[in-house]
>>> print(open('protein29.csv').read())   # CSV, C-alpha atoms
chain,number,residue,atom,x,y,z
A,246,MET,CA,33.8,7.3,31.1
A,247,GLU,CA,33.3,10.8,30.1
A,248,ILE,CA,30.0,12.7,29.7
A,249,THR,CA,29.6,14.8,26.5
A,250,TYR,CA,27.2,17.7,27.0
A,251,ASN,CA,24.8,19.1,24.3
A,252,LYS,CA,25.5,16.0,22.2
A,253,SER,CA,24.0,15.8,18.7
A,254,LEU,CA,22.2,12.5,18.2
A,255,LYS,CA,21.9,13.0,14.4
A,256,ASN,CA,24.3,10.1,13.6
A,257,LEU,CA,22.9,7.9,16.4
A,258,ASN,CA,19.3,7.6,15.1
A,259,THR,CA,18.5,6.1,11.7
A,260,PHE,CA,16.0,8.8,10.9
A,261,GLY,CA,18.9,11.2,11.0
A,262,ILE,CA,17.0,13.7,13.2
A,263,ASP,CA,19.3,16.4,14.6
A,264,ALA,CA,18.1,16.4,18.2
A,265,HIS,CA,20.5,17.1,21.0
A,266,ALA,CA,21.0,15.4,24.4
A,267,THR,CA,21.7,17.3,27.6
A,268,GLY,CA,24.3,14.7,28.4
A,269,TYR,CA,25.6,11.6,26.6
A,270,ILE,CA,27.9,8.7,27.6
A,271,ALA,CA,28.8,5.5,25.7
A,272,ILE,CA,28.6,2.4,27.9
A,273,HIS,CA,31.0,-0.4,27.1
A,274,SER,CA,30.5,-2.8,29.9
A,275,GLU,CA,27.9,-3.9,32.5
A,276,ARG,CA,30.2,-2.6,35.2
A,277,GLU,CA,30.2,0.9,33.6
A,278,LEU,CA,26.5,0.8,33.4
A,279,THR,CA,25.9,0.0,37.1
A,280,THR,CA,28.5,2.6,38.1
A,281,ILE,CA,26.7,5.3,36.1
A,282,LEU,CA,23.3,4.3,37.4
A,283,SER,CA,24.6,4.4,41.0
A,284,GLN,CA,26.3,7.7,40.5
A,285,TYR,CA,23.6,9.7,38.8
A,286,ARG,CA,20.2,8.1,39.5
A,287,ASP,CA,19.3,10.5,42.3
A,288,THR,CA,20.2,13.6,40.3
A,289,THR,CA,19.3,13.0,36.7
A,290,THR,CA,16.9,11.3,34.3
A,291,PHE,CA,18.3,8.5,32.0
A,292,PHE,CA,17.5,7.9,28.3
A,293,ILE,CA,18.5,4.5,27.1
A,294,LEU,CA,19.8,4.5,23.5
A,295,SER,CA,20.5,1.3,21.6
A,296,GLY,CA,20.9,1.3,17.8
A,297,GLY,CA,18.5,4.2,17.3
A,298,SER,CA,16.6,2.3,14.6
A,299,ASN,CA,13.1,2.2,16.1
A,300,MET,CA,12.7,5.7,17.3
A,301,LEU,CA,11.5,9.2,16.2
A,302,LEU,CA,13.0,12.1,18.1
A,303,THR,CA,10.6,15.1,18.0
A,304,GLN,CA,12.5,17.2,20.5
A,305,ASN,CA,15.8,17.5,22.3
A,306,ILE,CA,16.4,14.9,25.0
A,307,ASP,CA,16.7,16.6,28.4
A,308,ALA,CA,18.4,13.6,30.1
A,309,LEU,CA,21.6,11.7,30.3
A,310,VAL,CA,21.7,9.4,27.3
A,311,LEU,CA,23.2,6.0,28.0
A,312,HIS,CA,24.3,4.5,24.7
A,313,LEU,CA,24.6,0.8,25.1
A,314,CYS,CA,27.8,-0.3,23.3
A,315,ILE,CA,28.4,-3.6,25.2
A,316,LYS,CA,29.8,-6.2,22.8
A,317,GLY,CA,30.3,-9.9,22.9
A,318,ILE,CA,28.8,-13.2,21.7
A,319,THR,CA,29.1,-16.6,23.5
A,320,THR,CA,27.8,-20.1,22.6
A,321,ASP,CA,26.9,-23.2,24.5
A,322,VAL,CA,26.0,-26.3,22.5
A,323,GLU,CA,23.2,-28.3,24.3
A,324,GLU,CA,23.5,-32.0,25.1
A,325,ASP,CA,21.3,-33.2,22.2
A,326,LYS,CA,23.8,-31.6,19.8
A,327,ASN,CA,20.8,-30.4,17.7
A,328,THR,CA,20.6,-27.0,19.4
A,329,VAL,CA,22.8,-24.3,20.7
A,330,LEU,CA,22.3,-21.5,23.2
A,331,VAL,CA,23.7,-18.2,21.8
A,332,THR,CA,24.1,-15.2,24.0
A,333,ALA,CA,24.7,-11.8,22.6
A,334,ASN,CA,25.4,-8.5,24.5
A,335,ALA,CA,23.2,-5.5,24.0
A,336,GLY,CA,25.6,-3.5,21.9
A,337,GLU,CA,26.0,-6.0,19.1
A,338,ASN,CA,24.6,-5.0,15.7
A,339,TRP,CA,21.6,-7.2,15.1
A,340,HIS,CA,22.4,-8.0,11.4
A,341,ASP,CA,26.0,-8.8,12.2
A,342,PHE,CA,24.8,-11.1,15.0
A,343,VAL,CA,22.5,-12.9,12.5
A,344,GLN,CA,25.4,-13.3,10.1
A,345,PHE,CA,27.6,-14.7,12.9
A,346,CYS,CA,24.9,-17.3,13.6
A,347,ILE,CA,24.6,-18.2,9.9
A,348,ARG,CA,28.4,-18.6,9.5
A,349,HIS,CA,28.3,-21.1,12.4
A,350,ASN,CA,25.3,-22.9,10.9
A,351,TYR,CA,23.0,-21.8,13.7
A,352,GLY,CA,19.4,-21.7,12.3
A,353,GLY,CA,16.3,-19.9,13.4
A,354,ILE,CA,16.8,-16.2,12.8
A,355,GLU,CA,17.9,-16.1,9.1
A,356,ASN,CA,14.5,-14.5,8.2
A,357,LEU,CA,15.4,-11.6,10.5
A,358,SER,CA,18.5,-10.6,8.4
A,359,LEU,CA,19.1,-7.0,7.7
A,360,ILE,CA,16.8,-5.7,10.4
A,361,PRO,CA,18.6,-2.5,11.6
A,362,GLY,CA,19.4,-1.8,15.3
A,363,TYR,CA,21.2,-3.5,18.2
A,364,VAL,CA,20.6,-6.8,19.9
A,365,GLY,CA,19.5,-5.1,23.2
A,366,SER,CA,16.4,-3.5,21.6
A,367,ALA,CA,15.2,-6.6,19.8
A,368,PRO,CA,13.1,-8.0,22.7
A,369,ILE,CA,11.5,-4.7,23.4
A,370,GLN,CA,9.9,-4.7,20.0
A,371,ASN,CA,9.8,-8.5,19.5
A,372,ILE,CA,11.3,-7.9,16.1
A,373,GLY,CA,9.9,-10.0,13.3
A,374,ALA,CA,9.9,-10.4,9.5
A,375,TYR,CA,8.8,-12.9,6.9
A,376,GLY,CA,6.9,-15.2,9.2
A,377,VAL,CA,9.5,-15.3,12.0
A,378,GLU,CA,9.6,-13.4,15.3
A,379,LEU,CA,12.3,-13.1,18.0
A,380,LYS,CA,10.1,-14.9,20.5
A,381,ASP,CA,10.3,-18.1,18.4
A,382,THR,CA,13.9,-18.7,19.5
A,383,PHE,CA,14.1,-16.5,22.6
A,384,VAL,CA,15.1,-18.1,25.9
A,385,LYS,CA,15.9,-15.2,28.2
A,386,CYS,CA,17.3,-11.8,28.6
A,387,GLU,CA,19.5,-10.3,31.3
A,388,THR,CA,18.6,-6.8,32.6
A,389,ILE,CA,19.5,-4.2,35.2
A,390,GLU,CA,16.7,-2.4,37.0
A,391,ILE,CA,17.3,1.3,36.7
A,392,ALA,CA,15.9,2.2,40.1
A,393,SER,CA,18.0,-0.3,42.1
A,394,GLY,CA,20.8,-1.4,39.9
A,395,GLN,CA,19.9,-5.0,40.6
A,396,LYS,CA,20.1,-7.7,37.9
A,397,LYS,CA,17.1,-9.6,36.8
A,398,THR,CA,16.5,-12.4,34.3
A,399,PHE,CA,13.4,-12.4,32.2
A,400,THR,CA,12.2,-15.7,30.5
A,401,ALA,CA,10.3,-15.7,27.2
A,402,GLU,CA,7.1,-16.1,29.1
A,403,GLU,CA,7.8,-13.3,31.5
A,404,CYS,CA,8.5,-11.0,28.6
A,405,ASN,CA,4.9,-11.3,27.5
A,406,PHE,CA,5.7,-11.1,23.8
A,407,GLY,CA,3.1,-10.0,21.4
A,408,TYR,CA,3.0,-8.6,17.8
A,409,ARG,CA,5.8,-6.0,17.9
A,410,ASN,CA,5.3,-5.8,21.6
A,411,SER,CA,6.6,-6.9,25.0
A,412,ILE,CA,6.4,-6.1,28.7
A,413,PHE,CA,9.3,-3.7,28.1
A,414,LYS,CA,7.0,-1.5,25.9
A,415,ASN,CA,4.2,-1.5,28.5
A,416,GLU,CA,4.2,-2.0,32.3
A,417,LEU,CA,8.0,-2.1,32.5
A,418,LYS,CA,8.8,0.6,30.0
A,419,ASN,CA,11.9,2.7,31.1
A,420,LYS,CA,12.3,0.5,34.2
A,421,TYR,CA,14.9,-2.1,33.0
A,422,ILE,CA,17.9,-2.0,30.7
A,423,ILE,CA,18.5,-5.1,28.7
A,424,THR,CA,22.2,-6.1,28.7
A,425,GLN,CA,22.1,-9.4,26.8
A,426,ILE,CA,19.8,-11.9,25.3
A,427,THR,CA,20.0,-15.7,24.8
A,428,LEU,CA,18.4,-17.6,21.9
A,429,ARG,CA,18.1,-21.3,21.3
A,430,LEU,CA,19.0,-22.0,17.7
A,431,THR,CA,19.4,-25.2,15.7
A,432,THR,CA,22.7,-26.8,14.6
A,433,ARG,CA,21.1,-29.2,12.2
A,434,HIS,CA,17.6,-30.3,11.0
A,435,HIS,CA,16.8,-26.6,10.6
A,436,GLN,CA,13.2,-25.7,10.3
A,437,LEU,CA,13.0,-23.2,7.5
A,438,TYR,CA,10.2,-20.7,6.9
A,439,THR,CA,10.0,-20.0,3.2
A,440,SER,CA,6.3,-20.0,2.6
A,441,TYR,CA,6.2,-16.2,2.6
A,442,GLY,CA,5.5,-15.3,-1.0
A,443,ALA,CA,8.5,-13.1,-1.6
A,444,ILE,CA,10.9,-15.6,-0.3
A,445,GLU,CA,9.4,-18.4,-2.3
A,446,ASN,CA,9.7,-16.3,-5.5
A,447,ALA,CA,13.3,-15.3,-4.7
A,448,LEU,CA,14.4,-18.9,-4.2
A,449,ALA,CA,12.5,-20.1,-7.2
A,450,ALA,CA,14.2,-17.5,-9.4
A,451,LYS,CA,17.5,-19.1,-8.5
A,452,ASN,CA,16.1,-22.7,-8.9
A,453,ILE,CA,16.7,-23.4,-5.2
A,454,SER,CA,14.2,-26.0,-3.9
A,455,GLN,CA,16.0,-27.1,-0.8
A,456,PRO,CA,17.7,-24.0,0.5
A,457,SER,CA,20.2,-23.7,3.3
A,458,ILE,CA,19.8,-21.1,6.0
A,459,GLN,CA,22.4,-19.0,4.2
A,460,GLU,CA,20.3,-19.1,1.0
A,461,VAL,CA,17.2,-18.1,2.9
A,462,ALA,CA,19.1,-15.2,4.5
A,463,GLU,CA,20.4,-14.1,1.1
A,464,ALA,CA,16.8,-14.2,-0.3
A,465,VAL,CA,15.6,-12.0,2.6
A,466,ILE,CA,18.5,-9.6,2.2
A,467,GLU,CA,17.8,-9.3,-1.5
A,468,ILE,CA,14.1,-8.6,-0.9
A,469,ARG,CA,14.7,-6.0,1.8
A,470,LYS,CA,17.3,-4.2,-0.3
A,471,SER,CA,14.8,-4.1,-3.2
A,472,LYS,CA,12.0,-2.6,-1.1
A,473,LEU,CA,13.5,-0.7,1.8
A,474,PRO,CA,15.8,2.3,1.8
A,475,ASP,CA,19.2,2.1,3.4
A,476,PRO,CA,19.2,4.3,6.5
A,477,ALA,CA,22.8,5.3,5.7
A,478,LYS,CA,21.5,7.0,2.5
A,479,ILE,CA,18.0,8.0,3.3
A,480,GLY,CA,16.9,8.6,7.0
A,481,ASN,CA,14.2,6.1,8.0
A,482,SER,CA,13.2,3.7,10.8
A,483,GLY,CA,11.9,0.8,8.7
A,484,SER,CA,8.3,0.1,9.1
A,485,PHE,CA,6.7,3.1,10.8
A,486,PHE,CA,3.3,1.4,11.4
A,487,LYS,CA,2.1,-2.0,12.6
A,488,ASN,CA,0.1,-4.1,10.2
A,489,PRO,CA,-3.4,-3.8,11.7
A,490,ILE,CA,-5.3,-6.8,12.8
A,491,VAL,CA,-9.1,-6.4,12.2
A,492,THR,CA,-12.2,-8.4,12.9
A,493,ILE,CA,-13.5,-10.8,10.3
A,494,GLU,CA,-16.7,-8.7,10.1
A,495,LEU,CA,-14.8,-5.5,9.2
A,496,PHE,CA,-12.7,-7.4,6.7
A,497,ASN,CA,-15.7,-8.9,5.0
A,498,THR,CA,-17.2,-5.4,4.7
A,499,LEU,CA,-14.1,-4.0,3.2
A,500,GLN,CA,-13.7,-6.9,0.8
A,501,GLN,CA,-17.0,-6.1,-0.8
A,502,THR,CA,-15.6,-2.8,-2.0
A,503,TYR,CA,-11.9,-3.7,-2.3
A,504,THR,CA,-12.0,-7.2,-3.8
A,505,ASP,CA,-8.2,-7.5,-4.1
A,506,ILE,CA,-7.4,-6.4,-0.5
A,507,PRO,CA,-4.4,-8.4,0.6
A,508,HIS,CA,-4.8,-10.2,3.9
A,509,TYR,CA,-3.5,-13.0,6.2
A,510,HIS,CA,-5.7,-15.0,8.4
A,511,ILE,CA,-4.7,-14.9,12.1
A,512,ASP,CA,-7.5,-17.1,13.4
A,513,ASN,CA,-11.2,-17.7,12.8
A,514,ASN,CA,-12.0,-14.2,14.1
A,515,THR,CA,-9.2,-11.9,13.0
A,516,ILE,CA,-7.3,-11.0,9.9
A,517,LYS,CA,-4.1,-9.0,9.4
A,518,ILE,CA,-4.1,-6.4,6.6
A,519,PRO,CA,-0.8,-4.9,5.3
A,520,ALA,CA,-0.6,-1.3,6.5
A,521,GLY,CA,1.5,-0.4,3.4
A,522,TRP,CA,-1.4,-1.4,1.1
A,523,LEU,CA,-3.9,0.8,3.1
A,524,ILE,CA,-1.5,3.8,3.0
A,525,GLU,CA,-0.9,3.3,-0.7
A,526,GLN,CA,-4.7,3.3,-1.4
A,527,CYS,CA,-4.9,6.6,0.4
A,528,GLY,CA,-2.5,8.1,-2.1
A,529,PHE,CA,0.5,8.6,0.2
A,530,LYS,CA,3.1,6.3,-1.5
A,531,GLY,CA,5.9,8.4,-2.7
A,532,LYS,CA,4.3,11.6,-1.3
A,533,LYS,CA,6.5,14.4,0.1
A,534,GLN,CA,5.7,17.0,2.7
A,535,GLY,CA,8.7,19.3,2.9
A,536,ASN,CA,11.7,17.1,3.7
A,537,ALA,CA,9.5,14.3,5.1
A,538,GLY,CA,7.9,11.7,2.9
A,539,VAL,CA,6.7,8.2,2.2
A,540,HIS,CA,9.1,5.9,0.4
A,541,SER,CA,8.3,5.4,-3.3
A,542,LYS,CA,8.8,1.6,-3.1
A,543,GLN,CA,7.3,0.8,0.3
A,544,ALA,CA,4.5,2.9,1.7
A,545,LEU,CA,5.0,1.5,5.2
A,546,VAL,CA,8.3,3.4,5.4
A,547,LEU,CA,8.5,7.2,6.3
A,548,VAL,CA,11.7,8.9,5.3
A,549,ASN,CA,13.8,12.0,6.0
A,550,TYR,CA,14.8,13.3,2.6
A,551,GLY,CA,17.1,16.0,4.0
A,552,ASP,CA,16.8,18.1,7.1
A,553,ALA,CA,13.3,17.1,8.2
A,554,THR,CA,12.5,17.5,11.9
A,555,GLY,CA,10.9,14.8,14.0
A,556,LYS,CA,7.8,16.9,14.2
A,557,GLU,CA,7.5,17.1,10.4
A,558,ILE,CA,7.6,13.3,10.2
A,559,LEU,CA,5.2,13.0,13.1
A,560,THR,CA,2.8,15.4,11.3
A,561,LEU,CA,3.0,13.3,8.2
A,562,SER,CA,2.3,10.1,10.1
A,563,THR,CA,-0.7,11.8,11.8
A,564,ASP,CA,-2.1,12.7,8.4
A,565,ILE,CA,-1.7,9.1,7.2
A,566,LYS,CA,-3.5,7.7,10.2
A,567,ALA,CA,-6.4,10.1,9.8
A,568,SER,CA,-6.7,9.2,6.1
A,569,VAL,CA,-6.7,5.5,6.7
A,570,LEU,CA,-9.2,5.8,9.5
A,571,LYS,CA,-11.5,7.8,7.3
A,572,LYS,CA,-11.3,5.5,4.3
A,573,PHE,CA,-11.1,2.1,5.9
A,574,ASN,CA,-12.3,2.6,9.5
A,575,ILE,CA,-9.0,1.2,10.6
A,576,SER,CA,-6.8,2.8,13.3
A,577,LEU,CA,-3.1,2.4,12.5
A,578,GLU,CA,-0.7,2.0,15.4
A,579,THR,CA,2.9,3.3,15.2
A,580,GLU,CA,5.6,0.7,15.4
A,581,VAL,CA,8.4,3.2,16.2
A,582,ASN,CA,8.8,4.8,19.6
A,583,ILE,CA,8.1,8.5,19.5
A,584,PHE,CA,10.0,10.8,21.9
>>> encode(input="protein29.csv", output="structure tokens")
Amino acid sequence: MEITYNKSLKNLNTFGIDAHATGYIAIHSERELTTILSQYRDTTTFFILSGGSNMLLTQNIDALVLHLCIKGITTDVEEDKNTVLVTANAGENWHDFVQFCIRHNYGGIENLSLIPGYVGSAPIQNIGAYGVELKDTFVKCETIEIASGQKKTFTAEECNFGYRNSIFKNELKNKYIITQITLRLTTRHHQLYTSYGAIENALAAKNISQPSIQEVAEAVIEIRKSKLPDPAKIGNSGSFFKNPIVTIELFNTLQQTYTDIPHYHIDNNTIKIPAGWLIEQCGFKGKKQGNAGVHSKQALVLVNYGDATGKEILTLSTDIKASVLKKFNISLETEVNIF
């Protein structure tokens, strides 16, 4: 294990921001992780880096960056033969992990295909797409406490999952490092979630009425590729903002003016409104501010068109939030972590 000093993180974050780390080390095993924590916890600050897909770097990182590259996937078929426990280490690429499960006919996360990032960061964000969230199949995650180096298991209940949220984004932020997760997936009698309009349309276009998990995954991949930019070509972090959940009273007021406002009922008192639609109504879709901009096909995605700094992208996001608040009286929350 060697520490690299003044390490550029440009190729390690999907926004492609050229921030530098005081120190950087790639971690390939749990043993390496505990050794580094023990050796440096009293003399330095740690910054935990996963796939770099849900972050915006607005400054250099004055810390020792621990890049989790721990690989490995194991499975354990349960007694009923209908389900399987699949455990993946933190450094596995999320989409590759989903593809592994589909190849083995393990169902439950096919709707989460093509989400960028590593497995280890998935519980932090409770990643979700097209009607499915990680918490729907989540069993537990294994962690290491930074302060003590002790292992601790968190169940789904203990993770306190919410919409793009978990205990690791709140009271336990920067206190534990997730080393692996375990999901319970189906081996047969898969419960498919295809009612999301875009998936229905994609399957219908191929005359597929009873899709397999592979076909659902292919539909999701097709949709995401048509709407979302590839981080390898245009720097971005996917959805920059959460879809806001508003009161029925506010929604009814807005609907009087915007009769075609898209929405999804959460319960009798709250409604979710697509943030992308709100941003587009404010005129930001396709807009550029220097090298920062809003994607032309999906207003929910902020992009780095060249050598934008994190602060430029943050300024653009602040302008968007102010405009949406003024026009709709809705406060947008960022989905990405800002450093």
>>> residues_near_point(input="protein29.csv", point="(22.3, -1.9, 10.5)", cutoff="7 Å", atoms="all atoms listed in the file", output="ChimeraX atom specification")
/A:338,340,359-362
>>> residues_around(input="protein29.csv", residues="Ile412 in chain A", least_positions_apart="5", cutoff="10 Å", atoms="only C-alpha atoms", output="MDAnalysis selection string")
chainID A and resid 368:370 403:407 417:418
>>> residues_around(input="protein29.csv", residues="range 448-455 of chain A", least_positions_apart="4", cutoff="10 Å", atoms="only C-alpha atoms", output="ChimeraX atom specification")
/A:437,439,443-444,460-461,463-465
>>> residues_around(input="protein29.csv", residues="Thr267 in chain A", least_positions_apart="3", cutoff="6 Å", atoms="all atoms listed in the file", output="NGL selection string")
:A and (250-251 or 307-308)
>>> closest_residue(input="protein29.csv", among="A:Ser358, A:Thr328, A:Thr288, A:Gln344", to="Leu309 in chain A", atoms="all atoms listed in the file")
A:Thr288
>>> residues_near_point(input="protein29.csv", point="(21.1, 9.3, 12.1)", cutoff="9 Å", atoms="only C-alpha atoms", output="list in words")
Leu254, Lys255, Asn256, Leu257, Asn258, Thr259, Phe260, Gly261, Ile262, Asp263, Gly297, Ser298, Pro476, Ala477, Gly480 and Asn481 of chain A
>>> build_atoms(input="protein29.csv", residues="range 564-579 of chain A", atoms="N, CA, C and O atoms", output="mmCIF file, keeping the file's coordinate frame")
data_model
loop_
_atom_site.group_PDB
_atom_site.id
_atom_site.type_symbol
_atom_site.label_atom_id
_atom_site.label_comp_id
_atom_site.auth_asym_id
_atom_site.auth_seq_id
_atom_site.Cartn_x
_atom_site.Cartn_y
_atom_site.Cartn_z
ATOM 1 N N ASP A 564 -1.256 12.568 9.556
ATOM 2 C CA ASP A 564 -2.100 12.700 8.400
ATOM 3 C C ASP A 564 -2.437 11.363 7.756
ATOM 4 O O ASP A 564 -3.576 11.130 7.318
ATOM 5 N N ILE A 565 -1.462 10.471 7.730
ATOM 6 C CA ILE A 565 -1.700 9.100 7.200
ATOM 7 C C ILE A 565 -2.701 8.369 8.012
ATOM 8 O O ILE A 565 -3.631 7.755 7.476
ATOM 9 N N LYS A 566 -2.542 8.412 9.320
ATOM 10 C CA LYS A 566 -3.500 7.700 10.200
ATOM 11 C C LYS A 566 -4.888 8.216 10.049
ATOM 12 O O LYS A 566 -5.850 7.431 10.013
ATOM 13 N N ALA A 567 -5.045 9.527 9.927
ATOM 14 C CA ALA A 567 -6.400 10.100 9.800
ATOM 15 C C ALA A 567 -7.012 9.676 8.451
ATOM 16 O O ALA A 567 -8.219 9.378 8.386
ATOM 17 N N SER A 568 -6.202 9.617 7.401
ATOM 18 C CA SER A 568 -6.700 9.200 6.100
ATOM 19 C C SER A 568 -7.146 7.773 6.050
ATOM 20 O O SER A 568 -8.202 7.432 5.510
ATOM 21 N N VAL A 569 -6.338 6.898 6.642
ATOM 22 C CA VAL A 569 -6.700 5.500 6.700
ATOM 23 C C VAL A 569 -7.914 5.229 7.521
ATOM 24 O O VAL A 569 -8.782 4.419 7.163
ATOM 25 N N LEU A 570 -8.015 5.934 8.622
ATOM 26 C CA LEU A 570 -9.200 5.800 9.500
ATOM 27 C C LEU A 570 -10.460 6.213 8.743
ATOM 28 O O LEU A 570 -11.499 5.542 8.812
ATOM 29 N N LYS A 571 -10.384 7.313 8.032
ATOM 30 C CA LYS A 571 -11.500 7.800 7.300
ATOM 31 C C LYS A 571 -11.957 6.888 6.171
ATOM 32 O O LYS A 571 -13.140 6.637 5.956
ATOM 33 N N LYS A 572 -10.980 6.358 5.449
ATOM 34 C CA LYS A 572 -11.300 5.500 4.300
ATOM 35 C C LYS A 572 -11.627 4.106 4.600
ATOM 36 O O LYS A 572 -12.518 3.514 3.974
ATOM 37 N N PHE A 573 -10.964 3.529 5.621
ATOM 38 C CA PHE A 573 -11.100 2.100 5.900
ATOM 39 C C PHE A 573 -11.697 1.795 7.289
ATOM 40 O O PHE A 573 -11.927 0.623 7.616
ATOM 41 N N ASN A 574 -11.853 2.819 8.114
ATOM 42 C CA ASN A 574 -12.300 2.600 9.500
ATOM 43 C C ASN A 574 -11.322 1.739 10.275
ATOM 44 O O ASN A 574 -11.705 0.911 11.105
ATOM 45 N N ILE A 575 -10.036 1.925 9.982
ATOM 46 C CA ILE A 575 -9.000 1.200 10.600
ATOM 47 C C ILE A 575 -8.013 2.173 11.295
ATOM 48 O O ILE A 575 -7.538 3.107 10.641
ATOM 49 N N SER A 576 -7.718 1.967 12.571
ATOM 50 C CA SER A 576 -6.800 2.800 13.300
ATOM 51 C C SER A 576 -5.385 2.220 13.230
ATOM 52 O O SER A 576 -5.149 1.150 13.795
ATOM 53 N N LEU A 577 -4.482 2.892 12.549
ATOM 54 C CA LEU A 577 -3.100 2.400 12.500
ATOM 55 C C LEU A 577 -2.372 2.732 13.790
ATOM 56 O O LEU A 577 -2.571 3.791 14.379
ATOM 57 N N GLU A 578 -1.522 1.792 14.205
ATOM 58 C CA GLU A 578 -0.700 2.000 15.400
ATOM 59 C C GLU A 578 0.770 2.170 14.915
ATOM 60 O O GLU A 578 1.237 1.450 14.032
ATOM 61 N N THR A 579 1.470 3.118 15.519
ATOM 62 C CA THR A 579 2.900 3.300 15.200
ATOM 63 C C THR A 579 3.708 2.151 15.730
ATOM 64 O O THR A 579 3.447 1.664 16.833
#
